[in-house]
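What follows is a short report on a single structure.
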Amino acid sequence: MHESLLRELEISGDGDTDADGLFTVQKVACLGCCTLAPVLQIDGVTYGHLKPQDIGGVLRDFLALEKAAPAARKAPSRLAAPLGEIRVGLGSCCIAKGSGKVYEALVAAVEHLGASATVKRVGCVGICHQTPLVEVVVPGQPPVLYAQVTSQDAAALVKRHFRPPGTLRRLRHAAGSALEHLLTDEAWESVQRYAIDVRDEPIDAFLGRQEHLATEHCGLLDPLDLQEYVRLEGFAALGRALKEMTPEQVIAEVSASGLRGRGGAGFPTGRKWSLVRQASGQLKYAVCNGDEGDPGAFMDRMLLESYPFRVIEGMIIAAYAVGAGQGIFYIRAEYPLAVRRIEHALEICRREGYLGENILGSGFSLDLRIMQGAGAFICGEETALMESIEGRRGMPRLRPPYPAQSGLWGKPTLINNVETYALAPYILREGPGAFEALGTPKSKGTKVFALAGKAARGGLIEVPMGITLRQIVGEIGGGVGPGRTLKAVQVGGPSGGCVPAELVDTPVDYEALTAAGAIMGSGGLVVLDDRDCMVDIARYFLEFTQDQSCGKCTFCRVGTKRMLEILQRLCEGKGKAADLEELQSLAEVIQQGSLCALGRTAPNPVLSTLKYFRDEYLAHIAGRCPAGRCKTLITYRVTDDCIGCTLCAQVCPADAIAPRPYQKHEIDKEKCTRCDSCRGVCPVSAVVVE
Amino acid sequence: MPKVVIDNKEVQVSDGATLLQAAAQAGIAIPTLCYLDGCAPPTSCLVCVVAVKGQDRLLPACATVAQEGMVVGSQTPSVLAARRAALELLLSDHVGDCIAPCQSACPAHMDIPRMLRALAGGDDALAAAIAKEAIPLPAVLGRICPAPCEKACRRGAIDQPVPICLLKRFAGDWALGHKEDEPSAPPPTSGKKVAVVGAGPAGLTAAWYLRLSGHAITLFDRQEAPGGAMRQIPPDRLRAEVLSAEAGMILRQGVEYRPNSQITPADLADLATQFDAVLVATGQAGAADALIDPSAVDKSALRLAGGNIFAAGAVLGAHRLAVRALAQGRQVARSVDLYLRGQAILPAPRPFTCRMGHLTQEELKELLAQAEPCGAETPAGGTVPGGTGFQPVHGTGYKPVPPGNLEGFSVDQARRQARRCLHCDCRKADNCRLRDRAAELEAKPGRYTGQRRQLRLFRQVGGVVYEPGKCISCGLCVQITQEQSERLGLAFVGRGFSVRVAVPFEESISAGLAKTARRCVQACPTGALAEDNAPK
């Protein structure tokens, strides 16, 4: 994609900006929407599921978008009392797939047709692989969920469910209904657009195993509708905590629930709160760590975008429990929608008395503000995060002292992950027993995962602890693609490891995952099949951590670089037998000696693949890449099955295939960049990797 | 007042004391590199790591606060391995030679860059003294040495090597014309007497260094005049007067010279009883009348098994280079001296050095920026200040100079040619904590290899040089510039392996270190920030 983009913009050499000075191309680690990968963002617009040949269209689309003056939208007129709701998922991923346009088209259609319906923005539904998602809810009827809707479908969709008032209108719109194409086929795999009954099997499987605690009312809630949030028992937990409980009682309930930190390390939340509570000092801080940066993870973004009030409520409860008068949301600047929604939600909360002086008349005061992270992965590490908030370069400090004793500006500071805060209101509202009833002996409640990779159905899921990886991948994710076999599940991102297919019955449990060589991490779950090269996966993650290292300590700065160089050699077929031992010994010393968790966990992807997939490493030393991934070890070839359709030649971004209609095509090995585009489009599987 | 146990020693320390302080209190030295008293511990190098019981990781002793009941291991195998690995990883990304390649290549390890700086700065006396620290016969060697140093000279990759050998000759000739500046050996106060048999390059050199160590020396040679095999060199390469003059300088240091003395094996046995030690440096190896059997000599101590007889020079095997014989003369002098002091004769520790290896043209240009741009010159002859009378002498046997150029350098030439030196030796070779720790912990510079920093040089007007290639990214200087409220100061730039300390906004190092340059140089654990030593 990157190569195509540079080619399209005619940027050569070391340059990053096109000749007109219109576009500057930058590689970023993660835009947090893995299910849409490959993803490209231009200003605020995200484009997903791209192929190299789409680039030209994307750039034209963006320029057209820029030209079109923002049309002043009239407030939707209400011709009759609304009969129902049309809900449109509007998370970042959804918007990237066109949900914003669908929303506008629906608003226009409702107005134009005079339908008695409101079009409502809701948060992430989690079914990212089927966006744009539209749910139509008419009282007295079962709700209908439409997947992969386009703006052209809007009018038909509205007409189907909401009969226009008046015979004349009805007659005028009766003809030309395009409803048929929406309803002809309800099978999951074959068509692009269809209505889904929520109880349809695949959706049922996707949602059936889930338990929505942090993501309560998923698909129903307008992220910024406070009245609705309150109607759905929002801020009930806060009310109870502030009015009926002492801070100590709040902490006791959180402790009793067994909640552990969802940021990755799994420190018992109740104990952390209690440490901050007991730390001496008048001024204390509560910080929400929303600096999610692992490739493969976008749980925090979704929670912040779709459940801003929920996270805020959790933070207020926590601040009350620990005695913090100031709170800070630390959110990556790459999550503009999350920042806007939290900003907006904070304003509403201040206006409505949920924030500021004397909250809900309880005497407790708290102010919350947002601080945007500038895209450094290391700032997700709590001590580096604090340095960043204090205005310095994000570099970790040695712990102890822990933030609970000496945190922001030397004051006791509570730092919890977004998901941890989002769970607190549930515990306080339903009681610790309800939470504690879910999960394993040491891992309670639920965990939100970003399911990505080769699973048939990817998205955001919230599952009870104790569920096995097999259930997640097989039942929720629908397994790997046809003809493919599951090879491993990468859990925990760059700090985690690969759990091999034979250990796929490992339950989601902090200790069990660690024993399997992975970590719970913040919730990235990448499914890998037989076409994924484990050496390349290890190289990829280490490249990420090496690039994101703050560079402070020797082992992380230089040690991971030396490991990466070995992996790069292996992927190029230049490895030596001694390299594996060297990797192992470097990994051990980096794990032991690094200053912070980023460095200490950086070798994990390498160690777990070395342990479970040593044969693949040995194959690379022998000059083979069994999965056919490592570019210098493979070549593409067209077999005699070629029917001469020229599709491959059309998509080849490197002009390595000359179009020869009705003749067998050939790939110029010198020009071929092994981007795999041709293999993907060949209708007769005549492109093979060797 | 927590009590901790370090390496099985219990020690009670004050509240807030670090494990490093606790260890010091218990008399246990923990090596540190980036730690500096008076600065907040950077916890960057991680050379000071220790193992704390109950922790699955190692902790930097410099910043870990001692807590009641901590059990600490400062010498466990994993601690030692991690410390060494930290140093070896740092060295794999350290672009610098502790010792310049010319000096490494010189069998006598003469400090060539320092001598060149002295010559370039016009201090010929200092240049001569530096030369004689390693080579007591610089005027002679300056005429006959095939100059392995020049083959290693980095300037050769740009145009031609610095003509080190001719410049050494210049320094040596200057010394011969300035007897008043001759070094004077101390009186023979050690009470020990040494007989040296053979006044060739090895014998003369050993006599010189043993005299400097305060021993009484008697030098025997079968010839009338000292010089040994060097006397056989044709006069068009080395005139006898030069050899006599320089050997005379050695003899004048109170060495008793016994010419025309043919020593037989029986004489040798006598000498061994009359003298505290005897050195056989008779030159010819394997001759029928050889005094010793080379195979009986311990090649490290250069001593005959069990006795007080030592050997050096060509007697131990053919030496094609006078400079090698001379180097061995210095080595044996050290052995004899240790023996006379009753100390064990251990091999001299080889100074630690890391090597930056091949440099790109771009990197060489960085080094060239301050050097004289002209190429090598044909020696024009002339008179060294003070006049030795030897200047017109023909013949140096010096190959890189085209044949027919038999003169020495004129004064102007010598200054100019000395200024061609790239000064690729380290400005803080004697004051580098990375080098010291690497030597102590026996870190191997080539243990890890891979991409490394670029050699860059930034010079500050006030006389400080910043070499990011030698930086270990500890950030002490960043801390100091912040504390002293430098307007710009220094900052970390970039991420991952390519993180660098730099002046913000790509401003000059002069702007970044307006008032803290000296303090930063003192704090910098390596040669990354150093006083500029380039000759004015």
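Residue numbers start at 1 in each chain; chains themselves are named A, B, ... in the order of the structure tokens; ligands are numbered from 1 in the order shown.
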Residues at most 8 Å from Ser190 in chain B, counting only C-alpha atoms, excluding those fewer than 3 positions away in the same chain, as a ChimeraX atom specification?
-> /B:214-216
As a short mmCIF file (atom, residue, chain, number, x, y, z; two decimals) with N, CA and C atoms, in the first residue's frame, please: every residue in range 220-395 of chain A that DSSP puts in strand (DSSP E or B).
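Saved the output as part-v7.cif:
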```
data_model
loop_
_atom_site.label_atom_id
_atom_site.label_comp_id
_atom_site.auth_asym_id
_atom_site.auth_seq_id
_atom_site.Cartn_x
_atom_site.Cartn_y
_atom_site.Cartn_z
N ARG A 260 -9.31 -7.21 38.08
CA ARG A 260 -7.87 -6.96 37.92
C ARG A 260 -7.67 -6.02 36.74
N PRO A 268 -4.49 -6.41 40.93
CA PRO A 268 -5.83 -6.32 41.51
C PRO A 268 -6.25 -4.85 41.69
N TYR A 285 -4.31 12.32 42.18
CA TYR A 285 -4.80 12.33 40.81
C TYR A 285 -5.35 10.96 40.43
N ALA A 286 -6.32 11.00 39.51
CA ALA A 286 -6.77 9.76 38.86
C ALA A 286 -6.54 9.94 37.37
N VAL A 287 -5.90 8.94 36.76
CA VAL A 287 -5.59 9.05 35.35
C VAL A 287 -6.22 7.87 34.61
N CYS A 288 -6.80 8.18 33.46
CA CYS A 288 -7.32 7.11 32.62
C CYS A 288 -6.33 6.88 31.49
N ASN A 289 -5.78 5.69 31.44
CA ASN A 289 -4.78 5.37 30.42
C ASN A 289 -5.48 4.92 29.14
N GLY A 290 -5.62 5.86 28.22
CA GLY A 290 -6.24 5.54 26.93
C GLY A 290 -5.22 5.64 25.82
N GLN A 326 -8.56 15.59 41.08
CA GLN A 326 -8.24 15.94 39.69
C GLN A 326 -8.09 14.66 38.90
N GLY A 327 -8.58 14.69 37.68
CA GLY A 327 -8.45 13.50 36.84
C GLY A 327 -8.07 13.87 35.42
N ILE A 328 -7.35 12.97 34.80
CA ILE A 328 -6.89 13.24 33.43
C ILE A 328 -7.15 12.03 32.54
N PHE A 329 -7.79 12.30 31.42
CA PHE A 329 -7.89 11.29 30.36
C PHE A 329 -6.67 11.44 29.47
N TYR A 330 -5.86 10.41 29.39
CA TYR A 330 -4.73 10.45 28.46
C TYR A 330 -5.11 9.61 27.24
N ILE A 331 -5.38 10.28 26.13
CA ILE A 331 -5.89 9.58 24.93
C ILE A 331 -4.99 9.89 23.74
N ARG A 332 -4.71 8.87 22.97
CA ARG A 332 -3.87 9.06 21.78
C ARG A 332 -4.50 10.06 20.82
N GLY A 356 -17.36 18.46 38.52
CA GLY A 356 -17.19 19.80 39.07
C GLY A 356 -17.37 19.79 40.58
N LEU A 366 -14.76 16.93 41.67
CA LEU A 366 -13.74 16.35 40.79
C LEU A 366 -13.77 17.08 39.46
N ASP A 367 -12.60 17.38 38.96
CA ASP A 367 -12.56 17.89 37.60
C ASP A 367 -11.77 16.93 36.73
N LEU A 368 -12.28 16.70 35.53
CA LEU A 368 -11.60 15.81 34.59
C LEU A 368 -11.22 16.62 33.36
N ARG A 369 -10.01 16.33 32.84
CA ARG A 369 -9.63 16.98 31.58
C ARG A 369 -8.92 15.97 30.69
N ILE A 370 -8.73 16.38 29.45
CA ILE A 370 -8.13 15.46 28.47
C ILE A 370 -6.71 15.91 28.15
N MET A 371 -5.85 14.94 28.03
CA MET A 371 -4.50 15.21 27.55
C MET A 371 -4.26 14.26 26.39
N GLN A 372 -3.84 14.81 25.26
CA GLN A 372 -3.65 13.95 24.09
C GLN A 372 -2.21 13.47 23.99
N GLY A 373 -2.08 12.17 23.78
CA GLY A 373 -0.74 11.60 23.58
C GLY A 373 -0.33 11.81 22.14
#
```
List every residue of chain A that has an atom at most 10 Å from any atom of chain B, giving for each one its closest atom pair and the distance in Å to one decimal, counting only C-alpha atoms, sorted by chain and then by ascending residue number, as a Markdown table.
```
| residue | atom | partner | partner_atom | distance |
| --- | --- | --- | --- | --- |
| A:Ala376 | CA | B:Arg495 | CA | 8.8 |
| A:Ile378 | CA | B:Arg495 | CA | 9.9 |
| A:Arg393 | CA | B:Phe492 | CA | 8.0 |
| A:Pro396 | CA | B:Thr43 | CA | 9.8 |
| A:Arg397 | CA | B:Thr43 | CA | 8.2 |
| A:Leu398 | CA | B:Ala63 | CA | 7.4 |
| A:Arg399 | CA | B:Thr64 | CA | 8.4 |
| A:Pro400 | CA | B:Thr64 | CA | 7.6 |
| A:Pro401 | CA | B:Val65 | CA | 8.9 |
| A:Glu543 | CA | B:Gly496 | CA | 9.7 |
| A:Phe544 | CA | B:Gly496 | CA | 9.4 |
| A:Thr545 | CA | B:Gly496 | CA | 7.9 |
| A:Gln546 | CA | B:Gly496 | CA | 5.3 |
| A:Asp547 | CA | B:Gly496 | CA | 4.6 |
| A:Gln548 | CA | B:Gly496 | CA | 5.6 |
| A:Ser549 | CA | B:Gly496 | CA | 4.3 |
| A:Cys550 | CA | B:Arg495 | CA | 5.3 |
| A:Gly551 | CA | B:Gly496 | CA | 4.9 |
| A:Lys552 | CA | B:Ser44 | CA | 5.4 |
| A:Cys553 | CA | B:Ser44 | CA | 4.2 |
| A:Thr554 | CA | B:Cys45 | CA | 5.4 |
| A:Phe555 | CA | B:Ala86 | CA | 6.5 |
| A:Cys556 | CA | B:Gly496 | CA | 8.1 |
| A:Arg557 | CA | B:Phe497 | CA | 5.0 |
| A:Val558 | CA | B:Phe497 | CA | 6.0 |
| A:Gly559 | CA | B:Leu89 | CA | 6.4 |
| A:Thr560 | CA | B:Phe497 | CA | 8.4 |
| A:Lys561 | CA | B:Phe497 | CA | 6.4 |
| A:Arg562 | CA | B:Gly450 | CA | 6.5 |
| A:Met563 | CA | B:Gly450 | CA | 9.8 |
| A:Leu564 | CA | B:Gly450 | CA | 9.9 |
| A:Glu565 | CA | B:Gly450 | CA | 6.9 |
| A:Ile566 | CA | B:Gly450 | CA | 9.0 |
| A:Glu582 | CA | B:Tyr448 | CA | 9.6 |
| A:Ser585 | CA | B:Ala85 | CA | 9.8 |
| A:Leu586 | CA | B:Ala85 | CA | 8.4 |
| A:Glu588 | CA | B:Ala82 | CA | 9.3 |
| A:Val589 | CA | B:Ala82 | CA | 6.0 |
| A:Ile590 | CA | B:Ala82 | CA | 8.6 |
| A:Gln591 | CA | B:Arg57 | CA | 7.3 |
| A:Gln592 | CA | B:Arg57 | CA | 4.4 |
| A:Gly593 | CA | B:Leu58 | CA | 5.2 |
| A:Ser594 | CA | B:Leu46 | CA | 8.0 |
| A:Leu595 | CA | B:Thr43 | CA | 7.6 |
| A:Arg600 | CA | B:Arg57 | CA | 8.6 |
```
What lies within 7 Å of range 650-659 of chain A using only C-alpha atoms, ignoring chain neighbours under 3 positions off, as a list in words?
-> Ser4, Pro52, Gln53, Thr646, Leu647, His665, Glu666, Ile667, Asp668, Lys671, Cys672, Thr673, Ser677 and Cys678 of chain A
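When CA of Val684 in chain A is paired with CA of Gly48 in chain A, their separation reads 26.4 Å.
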Considering only C-alpha atoms, return as a PyMOL selection string whatever protein or nucleic-acid residues lie within 8 Å of Arg437 in chain B, sequence-local ones (same chain, fewer than 3 positions apart) excluded.
-> chain B and resi 31-33+87+433-434+440-441
Hey, what's within 7 Å of Ile509 in chain B if we count only C-alpha atoms and toss same-chain stuff fewer than 5 positions away? As a CSV table (one decimal) with C-alpha atoms, in the first residue's frame, please?
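Output contents, as saved in selection_17.csv:
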```csv
chain,number,residue,atom,x,y,z
B,458,PHE,CA,30.2,18.8,16.1
B,459,ARG,CA,32.6,21.4,17.3
B,460,GLN,CA,31.7,24.1,19.7
B,503,VAL,CA,20.4,20.3,20.3
```
Which residues, written as a count of residues only, have at least one atom at most 10 Å from range 502-519 of chain A, with only C-alpha atoms counted and residues fewer than 6 positions away on the same chain left out?
-> 42
Contact residues around Glu531 in chain B with only C-alpha atoms at 10 Å, ignoring same-chain residues under 5 positions, as a ChimeraX atom specification | /B:427-428,459-460,462-466,517-518,521-522
